[in-house]
file final-v2.pdb (PDB, C-alpha atoms)
ATOM      1  CA  PRO W   1      -3.507 -24.238 -13.397
ATOM      2  CA  LEU W   2      -6.300 -22.432 -11.553
ATOM      3  CA  VAL W   3      -5.495 -24.090  -8.214
ATOM      4  CA  TYR W   4      -1.959 -22.695  -8.352
ATOM      5  CA  ASP W   5      -3.282 -19.224  -9.122
ATOM      6  CA  VAL W   6      -5.724 -19.434  -6.200
ATOM      7  CA  MET W   7      -3.139 -20.728  -3.717
ATOM      8  CA  GLY W   8      -0.534 -18.253  -4.885
ATOM      9  CA  SER W   9      -2.963 -15.333  -4.670
ATOM     10  CA  ALA W  10      -4.131 -16.321  -1.178
ATOM     11  CA  THR W  11      -0.594 -16.790   0.133
ATOM     12  CA  ALA W  12       0.616 -13.526  -1.368
ATOM     13  CA  GLY W  13      -2.371 -11.676   0.073
ATOM     14  CA  ILE W  14      -1.854 -12.985   3.615
ATOM     15  CA  ILE W  15       1.898 -12.366   3.661
ATOM     16  CA  SER W  16       1.597  -8.863   2.255
ATOM     17  CA  ARG W  17      -1.186  -7.963   4.707
ATOM     18  CA  ILE W  18       0.829  -9.118   7.729
ATOM     19  CA  VAL W  19       3.654  -6.820   6.683
ATOM     20  CA  THR W  20       1.647  -3.810   5.512
ATOM     21  CA  HIS W  21      -1.395  -3.709   7.832
ATOM     22  CA  PRO W  22       0.243  -1.349  10.375
ATOM     23  CA  LEU W  23       1.049   1.044   7.524
ATOM     24  CA  ASP W  24      -2.556   0.775   6.338
ATOM     25  CA  THR W  25      -3.718   1.656   9.854
ATOM     26  CA  ALA W  26      -1.428   4.682   9.877
ATOM     27  CA  LYS W  27      -2.837   5.765   6.505
ATOM     28  CA  ALA W  28      -6.413   5.393   7.742
ATOM     29  CA  ARG W  29      -5.729   7.458  10.859
ATOM     30  CA  LEU W  30      -3.976  10.139   8.837
ATOM     31  CA  GLN W  31      -6.965  10.373   6.487
ATOM     32  CA  ALA W  32      -9.538  10.423   9.289
ATOM     33  CA  PRO W  33     -11.124  13.766  10.222
ATOM     34  CA  ASN W  34      -9.363  15.865  12.860
ATOM     35  CA  ALA W  35      -6.187  13.795  12.572
ATOM     36  CA  THR W  36      -3.308  15.297  14.585
ATOM     37  CA  PHE W  37      -0.480  13.110  13.326
ATOM     38  CA  ARG W  38       2.461  14.760  11.573
ATOM     39  CA  GLY W  39       3.077  11.850   9.211
ATOM     40  CA  PRO W  40       3.033   8.053   8.819
ATOM     41  CA  MET W  41       5.878   7.388  11.277
ATOM     42  CA  ASP W  42       4.310   9.690  13.853
ATOM     43  CA  ALA W  43       0.990   7.858  13.448
ATOM     44  CA  LEU W  44       2.681   4.473  13.851
ATOM     45  CA  LEU W  45       4.721   5.463  16.908
ATOM     46  CA  ARG W  46       1.953   7.318  18.732
ATOM     47  CA  THR W  47      -0.578   4.572  18.064
ATOM     48  CA  TYR W  48       1.843   1.929  19.330
ATOM     49  CA  ARG W  49       2.765   3.911  22.456
ATOM     50  CA  ARG W  50      -0.836   4.726  23.389
ATOM     51  CA  GLU W  51      -2.679   1.576  22.349
ATOM     52  CA  GLY W  52      -0.081  -1.121  21.698
ATOM     53  CA  ILE W  53       0.547  -3.428  18.774
ATOM     54  CA  ARG W  54      -3.068  -4.604  18.789
ATOM     55  CA  ALA W  55      -4.281  -1.190  17.607
ATOM     56  CA  LEU W  56      -1.932  -1.299  14.630
ATOM     57  CA  TYR W  57      -3.628  -4.531  13.573
ATOM     58  CA  GLY W  58      -7.192  -3.307  14.072
ATOM     59  CA  GLY W  59      -9.537  -5.092  11.663
ATOM     60  CA  PHE W  60      -6.844  -7.605  10.710
ATOM     61  CA  SER W  61      -9.045 -10.657  11.290
ATOM     62  CA  ALA W  62     -11.733  -9.257   8.983
ATOM     63  CA  VAL W  63      -9.135  -8.736   6.268
ATOM     64  CA  ILE W  64      -7.737 -12.263   6.601
ATOM     65  CA  VAL W  65     -11.129 -13.991   6.722
ATOM     66  CA  GLY W  66     -12.861 -11.876   4.076
ATOM     67  CA  GLY W  67     -10.016 -10.151   2.287
ATOM     68  CA  THR W  68      -8.119 -13.324   1.371
ATOM     69  CA  PRO W  69     -11.003 -14.722  -0.722
ATOM     70  CA  GLY W  70     -11.386 -11.202  -2.095
ATOM     71  CA  THR W  71      -7.752 -11.117  -3.189
ATOM     72  CA  VAL W  72      -8.093 -14.521  -4.841
ATOM     73  CA  LEU W  73     -11.250 -13.418  -6.660
ATOM     74  CA  TYR W  74      -9.619 -10.138  -7.631
ATOM     75  CA  LEU W  75      -6.504 -11.647  -9.230
ATOM     76  CA  THR W  76      -8.225 -14.593 -10.891
ATOM     77  CA  SER W  77     -11.096 -12.472 -12.245
ATOM     78  CA  TYR W  78      -8.607  -9.924 -13.589
ATOM     79  CA  ALA W  79      -6.791 -12.686 -15.481
ATOM     80  CA  ALA W  80     -10.094 -14.073 -16.771
ATOM     81  CA  PHE W  81     -11.359 -10.680 -17.964
ATOM     82  CA  ARG W  82      -7.980  -9.852 -19.512
ATOM     83  CA  ASP W  83      -7.838 -13.101 -21.464
ATOM     84  CA  SER W  84     -11.483 -12.867 -22.574
ATOM     85  CA  ILE W  85     -11.191  -9.281 -23.799
ATOM     86  CA  SER W  86      -7.846  -9.954 -25.465
ATOM     87  CA  SER W  87      -9.231 -13.031 -27.220
ATOM     88  CA  ALA W  88     -12.247 -11.079 -28.450
ATOM     89  CA  ILE W  89     -10.037  -8.346 -29.900
ATOM     90  CA  LEU W  90      -7.626 -10.859 -31.458
ATOM     91  CA  ASN W  91     -10.490 -12.795 -33.034
ATOM     92  CA  ARG W  92     -11.787  -9.564 -34.507
ATOM     93  CA  HIS W  93      -8.332  -8.939 -35.956
ATOM     94  CA  GLY W  94      -8.066 -12.497 -37.238
ATOM     95  CA  GLY W  95      -5.605 -13.613 -34.529
ATOM     96  CA  SER W  96      -5.653 -17.082 -33.041
ATOM     97  CA  SER W  97      -5.568 -16.839 -29.239
ATOM     98  CA  VAL W  98      -4.394 -14.618 -26.446
ATOM     99  CA  HIS W  99      -2.098 -17.442 -25.406
ATOM    100  CA  GLY W 100      -0.379 -17.629 -28.768
ATOM    101  CA  ASP W 101       3.259 -16.569 -28.957
ATOM    102  CA  ASN W 102       2.557 -13.854 -31.519
ATOM    103  CA  SER W 103      -0.695 -12.583 -30.033
ATOM    104  CA  LYS W 104       0.854  -9.377 -28.713
ATOM    105  CA  ALA W 105       1.861  -8.454 -32.260
ATOM    106  CA  HIS W 106      -1.815  -8.135 -33.172
ATOM    107  CA  LEU W 107      -2.583  -5.694 -30.360
ATOM    108  CA  SER W 108      -1.841  -2.010 -30.626
ATOM    109  CA  GLN W 109      -0.446  -0.111 -27.665
ATOM    110  CA  GLY W 110      -3.795   1.595 -27.176
ATOM    111  CA  GLU W 111      -5.611  -1.731 -27.196
ATOM    112  CA  GLU W 112      -3.255  -3.178 -24.599
ATOM    113  CA  PHE W 113      -3.833  -0.172 -22.329
ATOM    114  CA  ALA W 114      -7.602  -0.500 -22.803
ATOM    115  CA  ILE W 115      -7.512  -4.237 -22.040
ATOM    116  CA  HIS W 116      -5.593  -3.827 -18.776
ATOM    117  CA  PHE W 117      -7.620  -0.800 -17.679
ATOM    118  CA  SER W 118     -11.038  -2.349 -18.400
ATOM    119  CA  SER W 119     -10.009  -5.725 -16.921
ATOM    120  CA  GLY W 120      -8.945  -4.013 -13.703
ATOM    121  CA  MET W 121     -12.210  -2.079 -13.462
ATOM    122  CA  LEU W 122     -14.342  -5.161 -14.125
ATOM    123  CA  ALA W 123     -12.393  -7.276 -11.626
ATOM    124  CA  GLU W 124     -12.796  -4.590  -8.973
ATOM    125  CA  THR W 125     -16.535  -4.275  -9.655
ATOM    126  CA  VAL W 126     -16.992  -7.966  -8.876
ATOM    127  CA  THR W 127     -14.554  -8.092  -5.960
ATOM    128  CA  CYS W 128     -16.043  -5.056  -4.198
ATOM    129  CA  LEU W 129     -18.984  -7.267  -3.220
ATOM    130  CA  ILE W 130     -16.507  -8.868  -0.787
ATOM    131  CA  TYR W 131     -14.103  -5.979  -0.283
ATOM    132  CA  VAL W 132     -16.607  -3.329   0.811
ATOM    133  CA  PRO W 133     -17.919  -5.086   3.979
ATOM    134  CA  VAL W 134     -14.341  -6.030   4.877
ATOM    135  CA  ASP W 135     -13.146  -2.496   4.247
ATOM    136  CA  VAL W 136     -15.952  -0.915   6.311
ATOM    137  CA  VAL W 137     -15.145  -3.116   9.325
ATOM    138  CA  LYS W 138     -11.382  -2.705   8.923
ATOM    139  CA  GLU W 139     -11.424   1.059   8.654
ATOM    140  CA  ARG W 140     -13.877   1.573  11.512
ATOM    141  CA  MET W 141     -11.625  -0.579  13.679
ATOM    142  CA  GLN W 142      -8.557   1.336  12.538
ATOM    143  CA  VAL W 143      -9.868   4.849  13.239
ATOM    144  CA  GLN W 144     -12.192   4.227  16.183
ATOM    145  CA  GLN W 145      -9.863   6.046  18.589
ATOM    146  CA  ASN W 146     -11.005   9.216  16.798
ATOM    147  CA  ILE W 147     -14.690   8.512  17.480
ATOM    148  CA  ASN W 148     -15.728  10.428  20.577
ATOM    149  CA  THR W 149     -18.838   8.405  21.452
ATOM    150  CA  ASP W 150     -19.931   6.302  24.417
ATOM    151  CA  PRO W 151     -17.468   3.366  24.430
ATOM    152  CA  GLN W 152     -20.064   1.077  25.989
ATOM    153  CA  SER W 153     -22.405   1.421  23.019
ATOM    154  CA  SER W 154     -20.252   2.393  20.071
ATOM    155  CA  LYS W 155     -16.684   1.226  20.477
ATOM    156  CA  TYR W 156     -15.973  -2.000  18.643
ATOM    157  CA  LYS W 157     -14.207  -4.725  20.599
ATOM    158  CA  GLY W 158     -13.192  -6.657  17.507
ATOM    159  CA  SER W 159     -14.054  -7.349  13.875
ATOM    160  CA  TRP W 160     -16.982  -9.656  14.625
ATOM    161  CA  ASP W 161     -18.313  -7.248  17.238
ATOM    162  CA  ALA W 162     -18.113  -4.501  14.618
ATOM    163  CA  ILE W 163     -20.077  -6.580  12.110
ATOM    164  CA  ARG W 164     -22.796  -7.338  14.672
ATOM    165  CA  LYS W 165     -23.130  -3.715  15.775
ATOM    166  CA  ILE W 166     -23.148  -2.346  12.241
ATOM    167  CA  MET W 167     -25.811  -4.870  11.185
ATOM    168  CA  ARG W 168     -27.902  -4.157  14.284
ATOM    169  CA  THR W 169     -27.785  -0.375  14.058
ATOM    170  CA  GLU W 170     -27.362   0.307  10.336
ATOM    171  CA  GLY W 171     -28.371  -2.877   8.534
ATOM    172  CA  MET W 172     -27.016  -3.959   5.150
ATOM    173  CA  ARG W 173     -26.712  -0.325   4.089
ATOM    174  CA  GLY W 174     -24.127   0.119   6.820
ATOM    175  CA  ILE W 175     -22.188  -2.972   5.724
ATOM    176  CA  TYR W 176     -22.135  -1.750   2.134
ATOM    177  CA  LYS W 177     -21.712   1.897   3.025
ATOM    178  CA  GLY W 178     -19.716   3.696   0.384
ATOM    179  CA  TYR W 179     -19.871   0.919  -2.237
ATOM    180  CA  GLY W 180     -19.941   3.514  -4.998
ATOM    181  CA  ALA W 181     -17.098   5.475  -3.418
ATOM    182  CA  THR W 182     -15.102   2.270  -2.917
ATOM    183  CA  LEU W 183     -15.566   1.301  -6.542
ATOM    184  CA  ALA W 184     -14.676   4.854  -7.571
ATOM    185  CA  SER W 185     -11.454   4.508  -5.554
ATOM    186  CA  PHE W 186     -10.448   0.850  -5.932
ATOM    187  CA  GLY W 187     -11.639   0.646  -9.534
ATOM    188  CA  PRO W 188      -9.327   3.340 -10.953
ATOM    189  CA  PHE W 189      -6.503   2.157  -8.682
ATOM    190  CA  SER W 190      -6.862  -1.418  -9.911
ATOM    191  CA  ALA W 191      -7.130  -0.341 -13.532
ATOM    192  CA  LEU W 192      -4.179   2.043 -13.329
ATOM    193  CA  TYR W 193      -2.078  -0.434 -11.362
ATOM    194  CA  PHE W 194      -2.432  -3.230 -13.880
ATOM    195  CA  MET W 195      -2.009  -0.846 -16.787
ATOM    196  CA  PHE W 196       1.256   0.492 -15.336
ATOM    197  CA  TYR W 197       2.379  -2.963 -14.169
ATOM    198  CA  GLU W 198       1.877  -4.657 -17.524
ATOM    199  CA  ARG W 199       3.597  -1.781 -19.311
ATOM    200  CA  ALA W 200       6.541  -1.901 -16.887
ATOM    201  CA  LYS W 201       6.888  -5.659 -17.399
ATOM    202  CA  LEU W 202       6.918  -5.144 -21.155
ATOM    203  CA  TRP W 203       9.672  -2.538 -20.829
ATOM    204  CA  SER W 204      11.627  -4.922 -18.598
ATOM    205  CA  LYS W 205      11.328  -7.746 -21.114
ATOM    206  CA  GLU W 206      12.398  -5.476 -23.956
ATOM    207  CA  TYR W 207      15.373  -4.250 -21.954
ATOM    208  CA  ILE W 208      16.525  -7.764 -20.980
ATOM    209  CA  ASN W 209      16.027  -9.085 -24.493
ATOM    210  CA  LYS W 210      17.977  -6.188 -25.976
ATOM    211  CA  GLN W 211      20.811  -6.840 -23.551
ATOM    212  CA  SER W 212      20.738 -10.525 -24.489
ATOM    213  CA  GLN W 213      20.727  -9.737 -28.202
ATOM    214  CA  ASP W 214      23.653  -7.373 -27.822
ATOM    215  CA  ASP W 215      25.585 -10.074 -25.999
ATOM    216  CA  THR W 216      24.842 -12.849 -28.486
ATOM    217  CA  GLU W 217      24.675 -10.665 -31.627
ATOM    218  CA  ASN W 218      21.422 -12.418 -32.459
ATOM    219  CA  ILE W 219      19.513  -9.292 -33.412
ATOM    220  CA  GLY W 220      16.760 -10.977 -35.368
ATOM    221  CA  SER W 221      15.555 -13.406 -32.705
ATOM    222  CA  GLU W 222      12.062 -13.471 -31.281
ATOM    223  CA  THR W 223      11.234 -12.512 -27.707
ATOM    224  CA  VAL W 224      13.466 -14.472 -25.346
ATOM    225  CA  VAL W 225      12.078 -13.505 -21.951
ATOM    226  CA  LYS W 226       8.444 -14.105 -21.033
ATOM    227  CA  ASP W 227       6.489 -12.962 -17.954
ATOM    228  CA  GLY W 228       7.425 -16.004 -15.888
ATOM    229  CA  ASP W 229      11.094 -15.588 -16.760
ATOM    230  CA  LEU W 230      11.522 -12.046 -15.486
ATOM    231  CA  PRO W 231      14.013 -11.818 -12.594
ATOM    232  CA  LEU W 232      12.484 -11.269  -9.161
ATOM    233  CA  LEU W 233      14.076  -7.827  -8.836
ATOM    234  CA  HIS W 234      12.391  -6.693 -12.052
ATOM    235  CA  LEU W 235       8.998  -8.038 -10.951
ATOM    236  CA  VAL W 236       9.253  -6.342  -7.542
ATOM    237  CA  THR W 237      10.334  -3.065  -9.122
ATOM    238  CA  CYS W 238       7.510  -3.169 -11.665
ATOM    239  CA  SER W 239       4.924  -3.961  -9.001
ATOM    240  CA  ALA W 240       6.170  -1.376  -6.490
ATOM    241  CA  GLY W 241       6.442   1.350  -9.109
ATOM    242  CA  ALA W 242       2.996   0.655 -10.521
ATOM    243  CA  GLY W 243       1.450   0.566  -7.040
ATOM    244  CA  ALA W 244       3.111   3.803  -5.952
ATOM    245  CA  LEU W 245       2.023   5.692  -9.065
ATOM    246  CA  ALA W 246      -1.540   4.343  -8.973
ATOM    247  CA  SER W 247      -1.824   5.149  -5.237
ATOM    248  CA  PHE W 248      -0.594   8.704  -5.806
ATOM    249  CA  LEU W 249      -3.140   9.328  -8.547
ATOM    250  CA  THR W 250      -6.097   7.866  -6.618
ATOM    251  CA  SER W 251      -5.263   9.072  -3.084
ATOM    252  CA  PRO W 252      -8.005  11.786  -3.018
ATOM    253  CA  LEU W 253     -10.605   9.172  -3.970
ATOM    254  CA  ASP W 254      -9.297   6.859  -1.258
ATOM    255  CA  MET W 255      -9.696   9.565   1.385
ATOM    256  CA  ALA W 256     -13.287  10.238   0.303
ATOM    257  CA  LYS W 257     -13.996   6.499   0.472
ATOM    258  CA  LEU W 258     -12.600   6.169   3.992
ATOM    259  CA  ARG W 259     -14.583   9.110   5.342
ATOM    260  CA  LEU W 260     -17.805   7.702   3.924
ATOM    261  CA  GLN W 261     -17.140   4.223   5.296
ATOM    262  CA  VAL W 262     -16.293   5.296   8.836
ATOM    263  CA  GLN W 263     -19.268   7.651   8.953
ATOM    264  CA  ARG W 264     -21.791   6.362  11.430
ATOM    265  CA  GLY W 265     -25.381   5.892  10.361
ATOM    266  CA  GLN W 266     -28.073   7.993  12.037
ATOM    267  CA  SER W 267     -29.376   5.084  14.116
ATOM    268  CA  ALA W 268     -25.859   4.178  15.190
ATOM    269  CA  ALA W 269     -24.834   7.666  16.180
ATOM    270  CA  GLY W 270     -28.112   8.532  17.807
ATOM    271  CA  THR W 271     -29.531  12.017  18.341
ATOM    272  CA  SER W 272     -29.064  14.637  20.954
ATOM    273  CA  PRO W 273     -31.695  15.211  23.665
ATOM    274  CA  LYS W 274     -33.032  18.231  21.782
ATOM    275  CA  GLY W 275     -33.439  16.185  18.641
ATOM    276  CA  ASN W 276     -30.475  17.688  16.864
ATOM    277  CA  SER W 277     -28.737  15.142  14.712
ATOM    278  CA  LEU W 278     -25.235  14.226  15.715
ATOM    279  CA  SER W 279     -24.352  14.363  12.040
ATOM    280  CA  HIS W 280     -23.486  18.000  12.687
ATOM    281  CA  GLN W 281     -20.942  17.036  15.320
ATOM    282  CA  LYS W 282     -17.466  15.553  15.084
ATOM    283  CA  VAL W 283     -18.671  12.136  16.231
ATOM    284  CA  GLN W 284     -20.216  11.391  12.850
ATOM    285  CA  TYR W 285     -17.075   9.589  11.667
TER
END

call {"tool": "encode", "arguments": {"input": "final-v2.pdb", "output": "structure tokens"}}
result
Amino acid sequence: PLVYDVMGSATAGIISRIVTHPLDTAKARLQAPNATFRGPMDALLRTYRREGIRALYGGFSAVIVGGTPGTVLYLTSYAAFRDSISSAILNRHGGSSVHGDNSKAHLSQGEEFAIHFSSGMLAETVTCLIYVPVDVVKERMQVQQNINTDPQSSKYKGSWDAIRKIMRTEGMRGIYKGYGATLASFGPFSALYFMFYERAKLWSKEYINKQSQDDTENIGSETVVKDGDLPLLHLVTCSAGAGALASFLTSPLDMAKLRLQVQRGQSAAGTSPKGNSLSHQKVQY
């Protein structure tokens, strides 16, 4: 049921963010211009020692308030797009429904890849309407120790203060800064993640079923294990492996996205007394 999908997505998003937000902060500070950290652990330790645990959770409230609905929309829209595209292809092939037991038999390997990739891209296109403002606030909060501007006028005191200042000085363009770059980063990541994840789950099911068939000598049986029946260890391994590979492939795009989103607008950064734009100085980010 949809309500279960929504509640499950929201709960999973909150729990995962509580655990991983400090690592996300370390990543953001490593990707920021003029970063002096030697690695993720160095970024975590130095940030904690200098600024405390609060700095590691910079922008956390924005993620929980805005990112949780975004996660729900992301996962549910991915499932909706996947089922719609699969049904359209199956109907063209004369199949019954994407939910039918034999539906996968009507889809080629290339079609399955295309379905997961396009569904991920479409889901991200919709979800970025929520994700981009959240991401702009989160990343500016996470890297603001690198911004060498007047703290009285530019330093954000919290997520809501960041939203107010961005809206006042940069308008909606500031809130949606880097939408194209975000889509260019999150879109391929989402598409690649689900493509790898679905393929890994299929391999897991085939492996478990083969083991079961060998044990029972029932070689001719249909698929025994379905998605919901996969052991937790297999699901975690599939998800972690898919996420790691997709992150590795899209990391350059993610860095470009972050640098665009933490870049201050002209009105926010101000100009020098001689009229020279601060965009030529290090304080632009």

call {"tool": "atom_distance", "arguments": {"input": "final-v2.pdb", "atom1": "CA of Ser159 (chain W)", "atom2": "CA of Arg173 (chain W)"}}
result
17.5 Å

call {"tool": "closest_residue", "arguments": {"input": "final-v2.pdb", "among": "W:Ala240, W:Ala181, W:Leu75, W:Leu90", "to": "Gly8 (chain W)", "atoms": "all atoms listed in the file"}}
result
W:Leu75

call {"tool": "resolve_selection", "arguments": {"input": "final-v2.pdb", "expression": "the PyMOL selection byres ((chain W and resi 198) around 9)", "output": "PyMOL selection string"}}
result
chain W and resi 112-113+116+193-197+199-203+238+242

call {"tool": "resolve_selection", "arguments": {"input": "final-v2.pdb", "expression": "the PyMOL selection byres ((chain W and resi 246) around 6)", "output": "VMD selection string"}}
result
chain W and resid 189 192 to 193 243 to 245 247 to 249

call {"tool": "resolve_selection", "arguments": {"input": "final-v2.pdb", "expression": "the PyMOL selection byres ((chain W and resi 71) around 10)", "output": "list in words"}}
result
Val6, Ser9, Ala10, Thr11, Ala12, Gly13, Ile14, Val63, Ile64, Gly66, Gly67, Thr68, Pro69, Gly70, Val72, Leu73, Tyr74, Leu75, Thr76, Ser77, Thr127, Ile130 and Tyr131 of chain W

call {"tool": "atom_distance", "arguments": {"input": "final-v2.pdb", "atom1": "CA of Gly94 (chain W)", "atom2": "CA of His106 (chain W)"}}
result
8.6 Å

call {"tool": "atom_distance", "arguments": {"input": "final-v2.pdb", "atom1": "CA of Tyr78 (chain W)", "atom2": "CA of Cys128 (chain W)"}}
result
12.9 Å

call {"tool": "residues_near_point", "arguments": {"input": "final-v2.pdb", "point": "(-14.4, -0.5, 1.3)", "cutoff": "12 Å", "atoms": "all atoms listed in the file", "output": "PyMOL selection string"}}
result
chain W and resi 28+62-63+66-67+70+124-125+127-140+174-187+253-262
